[in-house]
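The next block is protein.pdb, given as PDB, C-alpha atoms.
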```pdb
ATOM      1  CA  MET O  23    -115.277  80.353   3.452
ATOM      2  CA  LYS O  24    -111.673  81.220   2.824
ATOM      3  CA  ARG O  25    -111.220  78.005   0.950
ATOM      4  CA  THR O  26    -114.209  78.883  -1.300
ATOM      5  CA  LEU O  27    -112.812  82.284  -2.082
ATOM      6  CA  TRP O  28    -109.438  80.885  -2.868
ATOM      7  CA  ALA O  29    -110.966  78.220  -5.092
ATOM      8  CA  LEU O  30    -112.911  80.862  -7.005
ATOM      9  CA  VAL O  31    -109.886  82.975  -7.430
ATOM     10  CA  ALA O  32    -107.901  79.986  -8.529
ATOM     11  CA  GLY O  33    -110.600  79.140 -11.114
ATOM     12  CA  ILE O  34    -110.685  82.649 -12.457
ATOM     13  CA  PHE O  35    -106.966  82.688 -12.807
ATOM     14  CA  ALA O  36    -107.094  79.342 -14.505
ATOM     15  CA  VAL O  37    -109.693  80.541 -17.051
ATOM     16  CA  GLY O  38    -107.755  83.764 -17.501
ATOM     17  CA  ALA O  39    -104.697  81.796 -18.130
ATOM     18  CA  MET O  40    -106.407  79.759 -20.752
ATOM     19  CA  ALA O  41    -107.746  82.942 -22.382
ATOM     20  CA  GLY O  42    -104.338  84.482 -22.339
ATOM     21  CA  CYS O  43    -102.673  81.405 -23.683
ATOM     22  CA  GLY O  44    -105.223  80.791 -26.405
ATOM     23  CA  ASN O  45    -105.797  84.475 -27.200
ATOM     24  CA  LEU O  46    -109.593  83.940 -26.778
ATOM     25  CA  LYS O  47    -112.114  86.594 -27.650
ATOM     26  CA  LYS O  48    -114.968  87.698 -25.444
ATOM     27  CA  ASP O  49    -117.553  85.659 -27.254
ATOM     28  CA  GLU O  50    -115.315  82.680 -26.956
ATOM     29  CA  PHE O  51    -114.381  83.305 -23.319
ATOM     30  CA  LEU O  52    -117.886  83.646 -21.874
ATOM     31  CA  PRO O  53    -119.062  80.211 -22.942
ATOM     32  CA  GLU O  54    -115.938  78.711 -21.439
ATOM     33  CA  TYR O  55    -116.426  80.639 -18.235
ATOM     34  CA  GLU O  56    -120.065  79.570 -17.901
ATOM     35  CA  ALA O  57    -119.068  75.983 -18.499
ATOM     36  CA  TYR O  58    -116.333  76.183 -15.874
ATOM     37  CA  LYS O  59    -118.781  77.827 -13.439
ATOM     38  CA  ALA O  60    -121.389  75.154 -14.007
ATOM     39  CA  GLU O  61    -118.807  72.446 -13.694
ATOM     40  CA  ASN O  62    -117.503  73.730 -10.404
ATOM     41  CA  GLU O  63    -120.775  74.967  -8.848
ATOM     42  CA  ASP O  64    -121.222  71.779  -6.854
ATOM     43  CA  ARG O  65    -117.680  72.081  -5.589
ATOM     44  CA  PHE O  66    -118.184  75.716  -4.631
ATOM     45  CA  SER O  67    -121.432  74.818  -2.860
ATOM     46  CA  ALA O  68    -119.666  72.000  -0.915
ATOM     47  CA  LEU O  69    -116.857  74.295  -0.081
ATOM     48  CA  SER O  70    -119.259  76.934   1.150
ATOM     49  CA  SER O  71    -121.036  74.363   3.322
ATOM     50  CA  ALA O  72    -117.728  73.188   4.614
ATOM     51  CA  ASP O  73    -116.647  76.716   5.287
ATOM     52  CA  ALA O  74    -119.889  77.391   7.140
ATOM     53  CA  LYS O  75    -119.411  74.264   9.228
ATOM     54  CA  THR O  76    -115.827  75.229   9.820
ATOM     55  CA  ALA O  77    -116.871  78.700  10.947
ATOM     56  CA  SER O  78    -119.381  77.112  13.326
ATOM     57  CA  ASP O  79    -116.774  74.729  14.590
ATOM     58  CA  ILE O  80    -114.330  77.583  15.034
ATOM     59  CA  SER O  81    -116.923  79.557  16.986
ATOM     60  CA  ALA O  82    -117.628  76.522  19.138
ATOM     61  CA  LEU O  83    -113.961  75.992  19.626
ATOM     62  CA  GLN O  84    -113.512  79.644  20.568
ATOM     63  CA  ASN O  85    -116.330  79.349  23.109
ATOM     64  CA  ALA O  86    -114.858  76.128  24.442
ATOM     65  CA  ASP O  87    -111.449  77.769  24.569
ATOM     66  CA  LYS O  88    -112.879  80.686  26.498
ATOM     67  CA  THR O  89    -114.620  78.318  28.885
ATOM     68  CA  LEU O  90    -111.399  76.315  29.210
ATOM     69  CA  GLN O  91    -109.375  79.462  29.869
ATOM     70  CA  THR O  92    -111.851  80.464  32.564
ATOM     71  CA  ALA O  93    -111.681  77.003  34.119
ATOM     72  CA  ILE O  94    -107.903  77.056  33.934
ATOM     73  CA  GLU O  95    -107.780  80.473  35.583
ATOM     74  CA  ASP O  96    -110.145  79.303  38.319
ATOM     75  CA  ALA O  97    -108.141  76.134  38.790
ATOM     76  CA  LYS O  98    -104.964  78.168  38.912
ATOM     77  CA  ASN O  99    -106.413  80.480  41.552
ATOM     78  CA  ASP O 100    -107.667  77.513  43.534
ATOM     79  CA  ALA O 101    -104.260  75.842  43.225
ATOM     80  CA  VAL O 102    -102.461  78.985  44.328
ATOM     81  CA  ALA O 103    -104.775  79.388  47.329
ATOM     82  CA  ALA O 104    -104.388  75.732  48.182
ATOM     83  CA  SER O 105    -100.655  76.008  47.715
ATOM     84  CA  GLU O 106    -100.464  79.036  49.976
ATOM     85  CA  GLN O 107    -102.556  77.302  52.607
ATOM     86  CA  GLY O 108    -100.488  74.162  52.108
ATOM     87  CA  ASP O 109     -97.302  76.180  52.417
ATOM     88  CA  ALA O 110     -98.559  77.688  55.651
ATOM     89  CA  ASP O 111     -99.498  74.267  56.980
ATOM     90  CA  THR O 112     -96.283  72.797  55.738
ATOM     91  CA  LEU O 113     -94.311  75.662  57.269
ATOM     92  CA  GLU O 114     -96.068  75.269  60.607
ATOM     93  CA  ALA O 115     -95.530  71.506  60.493
ATOM     94  CA  ALA O 116     -91.900  72.035  59.528
ATOM     95  CA  MET O 117     -91.427  74.488  62.391
ATOM     96  CA  LYS O 118     -92.999  72.010  64.795
ATOM     97  CA  ALA O 119     -90.842  69.235  63.380
ATOM     98  CA  ASP O 120     -87.772  71.475  63.617
ATOM     99  CA  LYS O 121     -88.607  72.319  67.229
ATOM    100  CA  THR O 122     -89.101  68.653  68.028
ATOM    101  CA  LEU O 123     -85.900  67.767  66.197
ATOM    102  CA  ARG O 124     -83.986  70.451  68.069
ATOM    103  CA  MET O 125     -85.304  69.158  71.394
ATOM    104  CA  GLU O 126     -84.356  65.618  70.461
ATOM    105  CA  LEU O 127     -80.964  66.835  69.283
ATOM    106  CA  ASP O 128     -80.387  68.769  72.523
ATOM    107  CA  GLU O 129     -81.371  65.713  74.528
ATOM    108  CA  ALA O 130     -79.065  63.552  72.428
ATOM    109  CA  ILE O 131     -76.222  66.052  72.872
ATOM    110  CA  ALA O 132     -76.818  66.199  76.635
ATOM    111  CA  ALA O 133     -76.911  62.409  76.819
ATOM    112  CA  GLY O 134     -73.760  62.223  74.707
ATOM    113  CA  LYS O 135     -71.990  64.720  76.951
ATOM    114  CA  LYS O 136     -73.059  62.809  80.030
ATOM    115  CA  ALA O 137     -71.888  59.536  78.533
ATOM    116  CA  ALA O 138     -68.645  61.172  77.413
ATOM    117  CA  MET O 139     -68.052  62.597  80.894
ATOM    118  CA  ALA O 140     -68.753  59.220  82.476
ATOM    119  CA  SER O 141     -66.450  57.534  79.985
ATOM    120  CA  ALA O 142     -63.817  60.208  80.556
ATOM    121  CA  ASN O 143     -64.098  59.735  84.328
ATOM    122  CA  ARG O 144     -63.734  56.006  83.936
ATOM    123  CA  ALA O 145     -60.824  56.538  81.585
ATOM    124  CA  ASP O 146     -59.272  59.020  84.012
ATOM    125  CA  LYS O 147     -59.620  56.564  86.878
ATOM    126  CA  ALA O 148     -58.155  53.787  84.770
ATOM    127  CA  MET O 149     -55.383  56.070  83.542
ATOM    128  CA  LYS O 150     -54.703  57.291  87.090
ATOM    129  CA  LYS O 151     -54.552  53.711  88.268
ATOM    130  CA  GLU O 152     -52.117  52.835  85.487
ATOM    131  CA  VAL O 153     -50.048  55.955  86.176
ATOM    132  CA  ASP O 154     -49.991  55.229  89.914
ATOM    133  CA  ALA O 155     -48.956  51.655  89.194
ATOM    134  CA  ALA O 156     -46.269  52.851  86.795
ATOM    135  CA  ILE O 157     -45.035  55.407  89.338
ATOM    136  CA  ALA O 158     -44.999  52.792  92.067
ATOM    137  CA  GLU O 159     -43.119  50.351  89.843
ATOM    138  CA  SER O 160     -40.709  53.090  88.799
ATOM    139  CA  ALA O 161     -40.239  54.133  92.430
ATOM    140  CA  LYS O 162     -39.640  50.506  93.382
ATOM    141  CA  SER O 163     -37.072  50.166  90.617
ATOM    142  CA  VAL O 164     -35.434  53.463  91.595
ATOM    143  CA  MET O 165     -35.324  52.432  95.254
ATOM    144  CA  ALA O 166     -33.784  49.087  94.301
ATOM    145  CA  GLN O 167     -31.181  50.866  92.206
ATOM    146  CA  LEU O 168     -30.612  53.366  95.007
ATOM    147  CA  ASN O 169     -30.190  50.593  97.566
ATOM    148  CA  GLU O 170     -27.794  48.817  95.245
ATOM    149  CA  LEU O 171     -25.927  52.058  94.691
ATOM    150  CA  GLN O 172     -25.817  52.739  98.423
ATOM    151  CA  ALA O 173     -24.544  49.219  99.058
ATOM    152  CA  LYS O 174     -21.868  49.652  96.416
ATOM    153  CA  SER O 175     -21.101  53.097  97.777
ATOM    154  CA  ALA O 176     -20.852  51.762 101.309
ATOM    155  CA  SER O 177     -18.607  48.943 100.120
ATOM    156  CA  SER O 178     -16.517  51.363  98.104
ATOM    157  CA  MET O 179     -16.378  53.779 101.022
ATOM    158  CA  LYS O 180     -15.310  51.006 103.369
ATOM    159  CA  ALA O 181     -12.588  49.944 100.968
ATOM    160  CA  PHE O 182     -11.621  53.576 100.452
ATOM    161  CA  ARG O 183     -11.442  54.215 104.169
ATOM    162  CA  ALA O 184      -9.369  51.086 104.692
ATOM    163  CA  GLU O 185      -7.071  52.034 101.854
ATOM    164  CA  THR O 186      -6.902  55.622 103.096
ATOM    165  CA  ALA O 187      -6.185  54.447 106.610
ATOM    166  CA  GLU O 188      -3.440  52.245 105.309
ATOM    167  CA  MET O 189      -2.041  55.081 103.217
ATOM    168  CA  LEU O 190      -2.250  57.436 106.157
ATOM    169  CA  HIS O 191      -0.645  54.850 108.342
ATOM    170  CA  LYS O 192       2.148  54.510 105.865
ATOM    171  CA  ALA O 193       2.383  58.209 105.298
ATOM    172  CA  MET O 194       2.413  59.160 108.953
ATOM    173  CA  PRO O 195       5.617  58.680 110.863
ATOM    174  CA  THR O 196       5.466  55.483 112.906
ATOM    175  CA  LYS O 197       7.467  55.240 116.104
ATOM    176  CA  VAL O 198       9.023  51.791 116.157
ATOM    177  CA  SER O 199      11.052  51.900 119.341
ATOM    178  CA  THR O 200      12.697  54.144 121.966
ATOM    179  CA  VAL O 201      15.885  53.159 123.731
ATOM    180  CA  TYR O 202      17.547  54.935 126.694
ATOM    181  CA  PHE O 203      21.154  55.721 127.612
ATOM    182  CA  SER O 204      23.176  56.417 130.713
ATOM    183  CA  SER O 205      24.193  59.987 131.512
ATOM    184  CA  GLY O 206      26.948  61.186 129.170
ATOM    185  CA  SER O 207      27.141  57.767 127.352
ATOM    186  CA  SER O 208      26.364  56.608 123.781
ATOM    187  CA  ARG O 209      26.850  52.882 124.500
ATOM    188  CA  LEU O 210      23.856  50.577 124.002
ATOM    189  CA  SER O 211      22.793  48.614 127.073
ATOM    190  CA  ALA O 212      21.532  45.031 126.878
ATOM    191  CA  LYS O 213      17.980  46.268 127.365
ATOM    192  CA  ALA O 214      18.428  48.802 124.549
ATOM    193  CA  MET O 215      19.731  46.074 122.218
ATOM    194  CA  SER O 216      16.726  43.889 123.026
ATOM    195  CA  MET O 217      14.353  46.723 122.188
ATOM    196  CA  LEU O 218      16.271  47.413 118.959
ATOM    197  CA  ASP O 219      15.830  43.749 117.975
ATOM    198  CA  ASN O 220      12.062  44.293 118.068
ATOM    199  CA  ALA O 221      12.523  47.381 115.945
ATOM    200  CA  VAL O 222      14.510  45.356 113.402
ATOM    201  CA  MET O 223      11.576  42.959 112.880
ATOM    202  CA  ALA O 224       9.141  45.845 112.344
ATOM    203  CA  VAL O 225      11.403  47.655 109.906
ATOM    204  CA  LYS O 226      12.043  44.543 107.833
ATOM    205  CA  LYS O 227       8.274  44.276 107.191
ATOM    206  CA  ARG O 228       8.447  47.600 105.361
ATOM    207  CA  PRO O 229      11.627  47.409 103.292
ATOM    208  CA  GLY O 230      10.726  50.520 101.356
ATOM    209  CA  ALA O 231      10.216  52.711 104.414
ATOM    210  CA  THR O 232      12.762  55.248 105.513
ATOM    211  CA  VAL O 233      14.097  54.793 109.049
ATOM    212  CA  ILE O 234      14.831  57.950 110.988
ATOM    213  CA  VAL O 235      17.044  57.541 114.038
ATOM    214  CA  THR O 236      16.960  60.622 116.272
ATOM    215  CA  GLY O 237      19.204  61.042 119.330
ATOM    216  CA  HIS O 238      18.407  63.254 122.348
ATOM    217  CA  ALA O 239      20.162  64.440 125.539
ATOM    218  CA  ASP O 240      19.087  65.907 128.846
ATOM    219  CA  SER O 241      19.752  69.511 129.740
ATOM    220  CA  THR O 242      22.769  68.800 131.950
ATOM    221  CA  PRO O 243      25.838  70.597 130.530
ATOM    222  CA  ILE O 244      28.802  68.528 129.313
ATOM    223  CA  LEU O 245      31.768  69.329 131.631
ATOM    224  CA  SER O 246      34.134  66.531 130.648
ATOM    225  CA  GLY O 247      34.355  63.404 128.560
ATOM    226  CA  ALA O 248      34.567  62.587 124.852
ATOM    227  CA  PHE O 249      31.799  64.953 123.779
ATOM    228  CA  LEU O 250      31.979  68.683 123.920
ATOM    229  CA  THR O 251      28.213  69.362 123.691
ATOM    230  CA  ASN O 252      24.863  67.650 124.191
ATOM    231  CA  LEU O 253      24.344  67.901 120.419
ATOM    232  CA  GLN O 254      27.453  65.768 119.772
ATOM    233  CA  LEU O 255      26.283  63.326 122.432
ATOM    234  CA  SER O 256      22.811  62.977 120.885
ATOM    235  CA  GLU O 257      24.286  62.375 117.429
ATOM    236  CA  ALA O 258      26.624  59.689 118.821
ATOM    237  CA  ARG O 259      23.679  57.908 120.465
ATOM    238  CA  ALA O 260      21.770  57.935 117.126
ATOM    239  CA  ASN O 261      24.765  56.545 115.259
ATOM    240  CA  SER O 262      25.122  53.710 117.813
ATOM    241  CA  ALA O 263      21.470  52.661 117.244
ATOM    242  CA  ALA O 264      21.770  52.930 113.433
ATOM    243  CA  LYS O 265      24.885  50.756 113.361
ATOM    244  CA  TYR O 266      23.097  48.104 115.394
ATOM    245  CA  LEU O 267      20.136  48.057 112.983
ATOM    246  CA  LYS O 268      22.462  47.647 110.019
ATOM    247  CA  SER O 269      24.340  44.873 111.825
ATOM    248  CA  LYS O 270      21.008  43.044 112.138
ATOM    249  CA  GLY O 271      20.349  43.173 108.375
ATOM    250  CA  VAL O 272      18.204  46.301 108.025
ATOM    251  CA  SER O 273      18.657  47.491 104.403
ATOM    252  CA  ASN O 274      16.273  50.446 104.556
ATOM    253  CA  LYS O 275      17.420  53.954 104.105
ATOM    254  CA  ILE O 276      18.483  55.257 107.535
ATOM    255  CA  VAL O 277      18.646  58.926 108.376
ATOM    256  CA  VAL O 278      20.619  59.826 111.533
ATOM    257  CA  ARG O 279      20.214  63.125 113.346
ATOM    258  CA  GLY O 280      20.741  64.657 116.787
ATOM    259  CA  ARG O 281      18.591  67.124 118.717
ATOM    260  CA  GLY O 282      20.730  67.746 121.739
ATOM    261  CA  HIS O 283      18.750  68.933 124.753
ATOM    262  CA  PHE O 284      16.268  71.009 122.694
ATOM    263  CA  GLU O 285      13.506  68.347 122.697
ATOM    264  CA  THR O 286      13.581  66.954 126.208
ATOM    265  CA  ALA O 287      10.918  64.398 127.214
ATOM    266  CA  GLY O 288      10.094  65.679 130.728
ATOM    267  CA  THR O 289      10.943  68.200 133.407
ATOM    268  CA  GLN O 290      14.683  68.577 133.827
ATOM    269  CA  SER O 291      14.453  69.378 137.534
ATOM    270  CA  THR O 292      14.059  65.701 138.391
ATOM    271  CA  SER O 293      16.236  62.670 137.754
ATOM    272  CA  GLU O 294      13.277  60.870 136.148
ATOM    273  CA  GLY O 295      12.743  63.726 133.658
ATOM    274  CA  ARG O 296      16.419  63.811 132.790
ATOM    275  CA  ALA O 297      16.545  59.989 132.347
ATOM    276  CA  ALA O 298      13.521  60.091 129.975
ATOM    277  CA  SER O 299      15.290  62.699 127.857
ATOM    278  CA  ARG O 300      18.478  60.597 127.336
ATOM    279  CA  ARG O 301      17.024  58.553 124.460
ATOM    280  CA  VAL O 302      17.059  57.498 120.796
ATOM    281  CA  GLU O 303      13.788  57.249 118.875
ATOM    282  CA  ILE O 304      13.395  54.885 115.907
ATOM    283  CA  ILE O 305      10.718  56.145 113.457
ATOM    284  CA  MET O 306       9.604  54.868 110.057
ATOM    285  CA  VAL O 307       8.089  57.118 107.396
ATOM    286  CA  ALA O 308       6.234  56.304 104.154
ATOM    287  CA  GLU O 309       7.907  54.389 101.357
TER     288      GLU O 309
END
```
Transcribe the structure of this file into structure tokens.
Amino acid sequence: MKRTLWALVAGIFAVGAMAGCGNLKKDEFLPEYEAYKAENEDRFSALSSADAKTASDISALQNADKTLQTAIEDAKNDAVAASEQGDADTLEAAMKADKTLRMELDEAIAAGKKAAMASANRADKAMKKEVDAAIAESAKSVMAQLNELQAKSASSMKAFRAETAEMLHKAMPTKVSTVYFSSGSSRLSAKAMSMLDNAVMAVKKRPGATVIVTGHADSTPILSGAFLTNLQLSEARANSAAKYLKSKGVSNKIVVRGRGHFETAGTQSTSEGRAASRRVEIIMVAE
């Protein structure tokens, strides 16, 4: 219908245009218009039919569209309901699956823990065994080293003790010999000379030692003779013994001294005690 109207309008404008362009008069225009109308009547009729059919088609389409919209709305509602029900079912199934999964996961975790504990226990036992073996080996090595150290220490101590004993022996005064004299005399008897010979051999073994020759006297007072006091007598006895040692080749340093009757050897109330006090002692001291 719209197309018919527009065609008519277009025709009128076309005729008008021709009238305007040609400056047609009314009596000239009307015949032209009638001719144009006759010429285009069939077209206008076809257009009208087409417009009518188009209007019918549009109405049908509108009805179909309305029906389609209704169907779409119903389908949408059905889909939403189904979706909601499906969501509920899916949610319930998911919850069940989640619960099942959690149970399986808990069981797997428990089994893993159990296996881990068993493995850890086995590892601990193996580690303990290795540690015990290492400790035992270390202890064995330490004991061997300790025994070796003790052996070396014992050997060193033995050598030290021997060396110390020797040093002490050398450091301590060593009595070599004691010779005796007659009352009031400084002359060496044959027995005294024999004992001094033994002393000479001992002294010569230690050429660096110092020889101390000490003379003594008993407590009997000097009343006559070559000596005025027991101190002079004891010094004379020491000098006699020292001269004999030198005559026998002793080259050691010799120190001579007298003690008089101040260091008697026994009781002076008996002849035996007085005889033991009339003496010369030969002593060696450290080099």
> On this structure, which residues satisfy the PyMOL selection byres ((chain O and resi 251) around 12), written as a list in words?
Replying inline: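 Written out, the selection comes to Gly206, His238, Ala239, Asp240, Ser241, Thr242, Pro243, Ile244, Leu245, Ser246, Gly247, Ala248, Phe249, Leu250, Asn252, Leu253, Gln254, Leu255, Ser256, Glu257, Ala258, Gly280, Arg281, Gly282 and His283 of chain O.
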> Between atom CA of O:Leu218 and atom CA of O:Ser205, what is the distance, to one decimal in Å?
Replying inline: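 Spanning atom CA of O:Leu218 to atom CA of O:Ser205 is a straight-line distance of 19.5 Å.
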> Rounded to one decimal in Å, what is the spacing between atom CA of O:Thr232 and atom CA of O:Val272?
Replying inline: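 Taking atom CA of O:Thr232 and atom CA of O:Val272, their separation equals 10.8 Å.
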> Expressed in Å to a single decimal, how great is the separation between atom CA of O:Ala132 and atom CA of O:Asp146?
Replying inline: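 Separation of atom CA of O:Ala132 and atom CA of O:Asp146: 20.3 Å.
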>> Suppose a student applies the PyMOL selection byres ((chain O and resi 221) around 10) to this structure; what residues should they get, written as an MDAnalysis selection string?
In response: chainID O and resid 197:200 215:220 222:226 267 272 304:306
>> Between O:Ser211, O:Ser299, O:Gln84, O:Ser160, which residue has the minimum interatomic distance to O:Ala287, considering all atoms listed in the file?
In response: O:Ser299
> With all atoms listed in the file as the atoms that count, which of O:Lys162, O:Leu52, O:Ser81, O:Ser204 lies nearest to O:Arg296?
Replying inline: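 Ranked by minimum distance to O:Arg296, first place goes to O:Ser204.
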> Can you list what the PyMOL selection byres ((chain O and resi 278) around 9) grabs from this structure, as a list of chain:residue names?
Replying inline: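 When the PyMOL selection byres ((chain O and resi 278) around 9) is applied, the selected residues are O:Val233, O:Ile234, O:Val235, O:Thr236, O:Gly237, O:Glu257, O:Ala260, O:Asn261, O:Ala264, O:Ile276, O:Val277, O:Arg279, O:Gly280.
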